[in-house]
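Raw start_4.cif, mmCIF, C-alpha atoms:
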```cif
data_input
loop_
_atom_site.label_atom_id
_atom_site.label_comp_id
_atom_site.auth_asym_id
_atom_site.auth_seq_id
_atom_site.Cartn_x
_atom_site.Cartn_y
_atom_site.Cartn_z
CA MET Z 1 3.75 -27.21 -23.40
CA GLU Z 2 2.54 -25.73 -26.66
CA ALA Z 3 -0.73 -27.64 -26.32
CA LEU Z 4 -1.18 -26.31 -22.80
CA ILE Z 5 -0.57 -22.71 -23.91
CA ASN Z 6 -2.96 -23.18 -26.83
CA SER Z 7 -5.70 -24.58 -24.58
CA LEU Z 8 -5.21 -21.75 -22.08
CA GLY Z 9 -5.29 -19.19 -24.87
CA THR Z 10 -8.49 -20.56 -26.41
CA ASN Z 11 -10.33 -20.63 -23.07
CA PHE Z 12 -9.32 -17.12 -22.04
CA ASN Z 13 -9.63 -13.99 -24.17
CA ALA Z 14 -9.29 -10.21 -23.94
CA ALA Z 15 -12.91 -9.78 -22.75
CA ASP Z 16 -12.30 -12.23 -19.89
CA TYR Z 17 -9.11 -10.36 -19.11
CA LEU Z 18 -10.98 -7.05 -18.72
CA TYR Z 19 -13.70 -8.71 -16.63
CA TRP Z 20 -11.17 -10.20 -14.18
CA SER Z 21 -9.09 -7.01 -14.27
CA ARG Z 22 -12.10 -5.08 -12.97
CA ILE Z 23 -12.58 -7.53 -10.08
CA GLU Z 24 -8.89 -7.82 -9.20
CA GLY Z 25 -8.33 -4.06 -9.61
CA SER Z 26 -11.18 -3.35 -7.18
CA LEU Z 27 -9.73 -5.81 -4.64
CA TRP Z 28 -6.17 -4.51 -4.67
CA THR Z 29 -7.30 -0.90 -4.73
CA ALA Z 30 -9.42 -1.53 -1.61
CA ALA Z 31 -6.36 -3.11 0.05
CA ASP Z 32 -4.26 -0.09 -1.02
CA ILE Z 33 -6.73 2.32 0.57
CA ILE Z 34 -6.78 0.41 3.88
CA LEU Z 35 -3.00 0.08 3.81
CA CYS Z 36 -2.50 3.83 3.24
CA LEU Z 37 -5.11 4.72 5.85
CA TYR Z 38 -3.38 2.68 8.53
CA VAL Z 39 0.08 3.93 7.56
CA ILE Z 40 -1.19 7.50 8.09
CA ARG Z 41 -2.94 6.56 11.34
CA LEU Z 42 0.16 4.73 12.63
CA ALA Z 43 2.35 7.71 11.77
CA ASN Z 44 -0.05 10.06 13.56
CA LEU Z 45 -0.23 7.71 16.55
CA LEU Z 46 3.56 7.74 16.87
CA ARG Z 47 3.85 11.47 16.18
CA ALA Z 48 1.44 12.41 18.98
CA PRO Z 49 3.69 11.39 21.94
CA LEU Z 50 6.61 13.16 20.22
CA ALA Z 51 4.55 16.38 20.12
CA LEU Z 52 4.65 16.51 16.30
CA ARG Z 53 1.87 17.89 14.12
CA HIS Z 54 -0.66 15.34 12.79
CA HIS Z 55 -0.74 14.51 9.10
CA VAL Z 56 -3.92 15.94 7.58
CA ILE Z 57 -3.14 16.43 3.88
CA PRO Z 58 -2.48 12.68 3.27
CA TYR Z 59 -6.01 12.00 4.55
CA ILE Z 60 -7.41 14.52 2.05
CA VAL Z 61 -5.39 13.04 -0.85
CA LEU Z 62 -6.49 9.53 0.15
CA ALA Z 63 -10.14 10.62 0.31
CA LEU Z 64 -9.83 12.18 -3.17
CA THR Z 65 -8.59 8.86 -4.60
CA VAL Z 66 -11.61 7.01 -3.22
CA VAL Z 67 -13.93 8.80 -5.68
CA PRO Z 68 -12.28 7.54 -8.91
CA ALA Z 69 -11.69 4.14 -7.26
CA LEU Z 70 -15.46 3.64 -7.15
CA PHE Z 71 -15.52 3.59 -10.97
CA ILE Z 72 -12.97 0.76 -11.33
CA PRO Z 73 -15.62 -2.03 -11.36
CA ILE Z 74 -17.46 -0.36 -14.28
CA VAL Z 75 -14.68 0.81 -16.61
CA PRO Z 76 -15.70 0.28 -20.26
CA HIS Z 77 -12.32 -0.76 -21.76
CA GLY Z 78 -8.74 -1.65 -20.95
CA ALA Z 79 -7.19 1.77 -21.61
CA ALA Z 80 -9.69 3.45 -19.26
CA PHE Z 81 -8.97 0.81 -16.62
CA PHE Z 82 -5.23 1.46 -16.86
CA ARG Z 83 -5.68 5.26 -16.70
CA LEU Z 84 -8.01 4.99 -13.70
CA GLU Z 85 -5.63 2.63 -11.89
CA VAL Z 86 -2.76 5.08 -12.48
CA ILE Z 87 -4.86 7.99 -11.17
CA VAL Z 88 -5.83 6.04 -8.04
CA THR Z 89 -2.72 4.06 -7.13
CA ILE Z 90 0.10 6.51 -7.90
CA PRO Z 91 -1.20 9.02 -5.27
CA HIS Z 92 -1.26 6.07 -2.85
CA PHE Z 93 2.41 5.36 -3.51
CA LEU Z 94 3.14 9.09 -3.18
CA ILE Z 95 1.38 9.12 0.20
CA LEU Z 96 3.53 6.19 1.39
CA LEU Z 97 6.68 7.87 0.04
CA TYR Z 98 5.77 11.16 1.70
CA ILE Z 99 4.95 9.59 5.09
CA LEU Z 100 8.20 7.62 4.99
CA GLY Z 101 10.31 10.61 3.93
CA ILE Z 102 8.79 13.10 6.34
CA ASN Z 103 9.06 10.75 9.34
CA LEU Z 104 12.55 9.47 8.55
CA ARG Z 105 14.28 11.90 10.92
CA HIS Z 106 11.91 10.90 13.76
CA GLY Z 107 12.29 7.18 12.99
CA PRO Z 108 14.73 6.35 15.83
CA ARG Z 109 12.54 8.07 18.43
CA MET Z 110 9.42 6.35 17.06
CA PHE Z 111 11.21 2.99 17.10
CA ALA Z 112 12.28 3.62 20.71
CA LEU Z 113 8.65 4.41 21.53
CA ILE Z 114 7.45 1.14 19.96
CA LEU Z 115 10.11 -0.79 21.91
CA SER Z 116 9.08 0.87 25.17
CA VAL Z 117 5.45 -0.03 24.39
CA GLY Z 118 6.62 -3.65 23.97
CA ALA Z 119 8.31 -3.43 27.35
CA GLY Z 120 5.07 -2.00 28.75
CA ILE Z 121 3.08 -4.98 27.43
CA ARG Z 122 5.43 -7.41 29.21
CA HIS Z 123 5.40 -5.24 32.33
CA THR Z 124 1.61 -4.98 32.58
CA SER Z 125 0.69 -8.55 31.56
CA PRO Z 126 -0.54 -10.32 34.74
CA VAL Z 127 0.86 -13.78 34.12
CA ASN Z 128 3.18 -14.80 31.35
CA PRO Z 129 3.20 -18.61 31.25
CA ASP Z 130 6.40 -18.77 29.21
CA THR Z 131 8.25 -16.52 31.63
CA SER Z 132 6.98 -18.35 34.69
CA ARG Z 133 8.00 -21.67 33.16
CA THR Z 134 11.46 -20.30 32.40
CA ASN Z 135 11.76 -18.97 35.94
CA GLU Z 136 10.80 -22.33 37.39
CA SER Z 137 13.35 -24.16 35.31
CA CYS Z 138 16.05 -21.65 36.23
CA SER Z 139 15.32 -21.66 39.97
CA PRO Z 140 17.56 -23.98 42.01
CA MET Q 1 23.68 12.56 9.93
CA PHE Q 2 21.06 12.30 7.22
CA VAL Q 3 18.19 14.71 7.72
CA ALA Q 4 14.97 14.11 5.80
CA PRO Q 5 13.61 17.10 3.90
CA THR Q 6 10.51 18.79 5.29
CA PRO Q 7 9.11 20.73 2.33
CA ARG Q 8 6.09 22.97 2.75
CA CYS Q 9 3.06 21.30 1.16
CA GLY Q 10 5.28 18.37 0.13
CA LEU Q 11 2.51 15.92 -0.70
CA PRO Q 12 0.32 18.34 -2.71
CA ARG Q 13 3.41 19.24 -4.72
CA LEU Q 14 4.19 15.60 -5.42
CA VAL Q 15 0.58 14.89 -6.45
CA CYS Q 16 0.44 18.00 -8.69
CA LEU Q 17 3.72 17.00 -10.36
CA PHE Q 18 2.36 13.52 -11.00
CA PHE Q 19 -0.87 14.81 -12.58
CA ALA Q 20 1.10 17.27 -14.72
CA ALA Q 21 3.29 14.41 -15.98
CA LEU Q 22 0.20 12.28 -16.58
CA ALA Q 23 -1.48 15.06 -18.58
CA LEU Q 24 1.67 15.58 -20.65
CA THR Q 25 1.99 11.89 -21.51
CA THR Q 26 -1.76 11.45 -22.14
CA PHE Q 27 -2.44 14.51 -24.26
CA GLY Q 28 1.01 15.09 -25.74
CA ALA Q 29 1.75 14.13 -29.36
CA HIS Q 30 2.73 10.47 -29.52
CA ALA Q 31 3.96 8.71 -32.62
CA GLN Q 32 4.09 4.93 -32.69
CA THR Q 33 7.65 3.74 -32.30
CA ALA Q 34 9.19 0.88 -34.25
CA ALA Q 35 9.27 -1.27 -31.10
CA GLU Q 36 5.55 -0.69 -30.54
CA THR Q 37 4.77 -1.62 -34.15
CA VAL Q 38 6.75 -4.86 -33.84
CA TYR Q 39 5.00 -5.65 -30.53
CA ILE Q 40 1.51 -5.08 -31.99
CA GLN Q 41 2.33 -7.23 -35.05
CA ALA Q 42 3.64 -10.01 -32.79
CA VAL Q 43 0.49 -9.90 -30.64
CA GLN Q 44 -1.77 -10.03 -33.71
CA ALA Q 45 0.23 -12.92 -35.17
CA SER Q 46 -0.16 -15.10 -32.07
CA GLN Q 47 -3.43 -14.17 -30.40
CA THR Q 48 -3.71 -17.53 -28.58
CA GLN Q 49 -0.32 -17.15 -26.91
CA ASN Q 50 -1.20 -13.57 -26.04
CA ASN Q 51 -4.41 -14.75 -24.37
CA ALA Q 52 -2.40 -17.27 -22.36
CA LEU Q 53 -0.09 -14.45 -21.29
CA LEU Q 54 -3.10 -12.40 -20.18
CA LEU Q 55 -4.33 -15.35 -18.11
CA TYR Q 56 -0.90 -15.61 -16.49
CA LEU Q 57 -1.08 -11.89 -15.61
CA ARG Q 58 -4.48 -12.40 -13.97
CA LEU Q 59 -3.18 -15.36 -11.95
CA ALA Q 60 -0.22 -13.24 -10.82
CA GLY Q 61 -2.75 -10.58 -9.82
CA ILE Q 62 -4.27 -13.00 -7.28
CA PHE Q 63 -0.90 -13.28 -5.49
CA TRP Q 64 -0.57 -9.50 -5.54
CA ILE Q 65 -4.03 -9.14 -3.94
CA ILE Q 66 -3.14 -11.67 -1.21
CA LEU Q 67 0.11 -9.78 -0.53
CA GLU Q 68 -1.61 -6.39 -0.32
CA TRP Q 69 -4.42 -7.61 1.94
CA THR Q 70 -1.91 -9.34 4.22
CA ALA Q 71 0.09 -6.11 4.52
CA ALA Q 72 -3.11 -4.12 5.16
CA LEU Q 73 -4.26 -6.52 7.91
CA VAL Q 74 -0.82 -6.55 9.55
CA LEU Q 75 -0.81 -2.75 9.62
CA TRP Q 76 -4.35 -2.66 11.01
CA ARG Q 77 -3.38 -5.07 13.80
CA ALA Q 78 -0.17 -3.15 14.53
CA TYR Q 79 -2.16 0.07 14.77
CA ARG Q 80 -4.72 -1.48 17.12
CA LEU Q 81 -2.01 -2.96 19.34
CA LEU Q 82 -0.12 0.32 19.60
CA ALA Q 83 -3.30 2.36 20.04
CA THR Q 84 -4.34 0.24 23.02
CA GLN Q 85 -0.85 0.12 24.57
CA LEU Q 86 0.22 3.75 24.16
CA PRO Q 87 -2.04 5.00 27.00
CA THR Q 88 -0.62 2.21 29.22
CA LEU Q 89 2.88 3.41 28.42
CA LYS Q 90 1.93 6.96 29.38
CA ASP Q 91 0.53 5.65 32.70
CA ILE Q 92 3.74 3.73 33.39
CA GLU Q 93 5.85 6.80 32.61
CA HIS Q 94 3.67 9.02 34.80
CA GLY Q 95 3.71 6.43 37.60
CA SER Q 96 7.48 6.15 37.53
CA ALA Q 97 7.82 9.95 37.43
CA HIS Q 98 5.78 10.25 40.63
#
```

Take the structure in this file and express it as structure tokens.
Amino acid sequence: MEALINSLGTNFNAADYLYWSRIEGSLWTAADIILCLYVIRLANLLRAPLALRHHVIPYIVLALTVVPALFIPIVPHGAAFFRLEVIVTIPHFLILLYILGINLRHGPRMFALILSVGAGIRHTSPVNPDTSRTNESCSP
Amino acid sequence: MFVAPTPRCGLPRLVCLFFAALALTTFGAHAQTAAETVYIQAVQASQTQNNALLLYLRLAGIFWIILEWTAALVLWRAYRLLATQLPTLKDIEHGSAH
């Protein structure tokens, strides 16, 4: 075990760590941005039928985090990388927290809406092979 | 029944509070604690083991990326599904109303 740790430690150093941090940081920040974007869009989609106001400020905050996120692949050292990640990702978590908190009271109605959409999918689908098979097996 | 708060300008307030806290911790006076000194000495004493730990962190990062991208794709697909089906639902409701 000690030999394994020693071999890993000699083939990987702090410079490699920063290099891979830049790449991985860029990848998970991009995922964060898409995730937040679709959480906002989903919330707005479900708020519209309930006649609730659309979220606009979360879009602005998200757009503002995109600017520093562009610098993640070129940060010069580890401390700057950490600071930049904090500046970019914490607002993302705040957006998620805000969307969740603000829509909590409308959650049951939104959930009911999603369920009724599911019922609509089954209702409008022309042929459902599983259902037809079940019906055949159940028919006398 | 629990009622969620609906503060005015809730998100800008949260973001401003975060940046104020960040500024305080970044620019505020900070003396090195005993625990930090011990940690730095331990890292310097065993650089090889520390490098191995850094490699482990980067490998864990790959799983985190997979998790985040999976969540993002699931949300994207959920949005697309609902966005295409919501008009259908409205039609059904309108049809049943008439």

Calculate how many Å separate atom CA of His92 of chain Z from atom CA of Leu14 of chain Q, rounding to one decimal.
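Straight-line distance from atom CA of His92 of chain Z to atom CA of Leu14 of chain Q works out to 11.3 Å.
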
Residue list for chain Z near chain Q as number ranges by chain, 6 Å, all atoms listed in the file:
Z: 5-6, 8-9, 12-13, 28, 31, 34-35, 38, 42, 104-105, 117, 120

Could you state the separation of atom CA of Ala119 of chain Z and atom CA of Leu45 of chain Z in Å, given to one decimal place?
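Computing the Euclidean distance for atom CA of Ala119 of chain Z and atom CA of Leu45 of chain Z yields 17.7 Å.
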
When distances are computed from all atoms listed in the file, which of Z:Val66, Z:Ala79, Z:Leu46, Z:Ile72 shows the smallest separation from Trp20 of chain Z?
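Closest candidate: Z:Ile72.
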
Just give me the gap between atom CA of Ala21 of chain Q and atom CA of Val86 of chain Z in Å, one decimal is fine.
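Distance between the two atoms: 11.7 Å.
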
Taking all atoms of segment 107-116 of chain Z that the file lists and extending 4 Å past them on each side, where is the centre of the axis-aligned box and how long are its edges? Answer in Å to one decimal, as lines of an AutoDock Vina configuration file.
```
center_x = 11.1
center_y = 3.6
center_z = 19.1
size_x = 15.3
size_y = 16.9
size_z = 20.2
```

Picked residues, the PyMOL selection byres ((chain Z and resi 89) around 12), as a PyMOL selection string
(chain Z and resi 25-26+28-33+35-36+61-62+64-66+68-69+72+81-88+90-96) or (chain Q and resi 15+18)

Result set of the PyMOL selection byres ((chain Z and resi 54) around 12) on the coordinates above, as a PDB file with C-alpha atoms, in the frame of the given file:
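Output file expr-v9.pdb is given in full below:
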```pdb
ATOM      1  CA  ILE Z  40      -1.190   7.500   8.090  1.00  0.00           C
ATOM      2  CA  ARG Z  41      -2.940   6.560  11.340  1.00  0.00           C
ATOM      3  CA  LEU Z  42       0.160   4.730  12.630  1.00  0.00           C
ATOM      4  CA  ALA Z  43       2.350   7.710  11.770  1.00  0.00           C
ATOM      5  CA  ASN Z  44      -0.050  10.060  13.560  1.00  0.00           C
ATOM      6  CA  LEU Z  45      -0.230   7.710  16.550  1.00  0.00           C
ATOM      7  CA  LEU Z  46       3.560   7.740  16.870  1.00  0.00           C
ATOM      8  CA  ARG Z  47       3.850  11.470  16.180  1.00  0.00           C
ATOM      9  CA  ALA Z  48       1.440  12.410  18.980  1.00  0.00           C
ATOM     10  CA  PRO Z  49       3.690  11.390  21.940  1.00  0.00           C
ATOM     11  CA  LEU Z  50       6.610  13.160  20.220  1.00  0.00           C
ATOM     12  CA  ALA Z  51       4.550  16.380  20.120  1.00  0.00           C
ATOM     13  CA  LEU Z  52       4.650  16.510  16.300  1.00  0.00           C
ATOM     14  CA  ARG Z  53       1.870  17.890  14.120  1.00  0.00           C
ATOM     15  CA  HIS Z  55      -0.740  14.510   9.100  1.00  0.00           C
ATOM     16  CA  VAL Z  56      -3.920  15.940   7.580  1.00  0.00           C
ATOM     17  CA  ILE Z  57      -3.140  16.430   3.880  1.00  0.00           C
ATOM     18  CA  PRO Z  58      -2.480  12.680   3.270  1.00  0.00           C
ATOM     19  CA  TYR Z  59      -6.010  12.000   4.550  1.00  0.00           C
ATOM     20  CA  ILE Z  99       4.950   9.590   5.090  1.00  0.00           C
ATOM     21  CA  ILE Z 102       8.790  13.100   6.340  1.00  0.00           C
ATOM     22  CA  ASN Z 103       9.060  10.750   9.340  1.00  0.00           C
TER      23      ASN Z 103
END
```
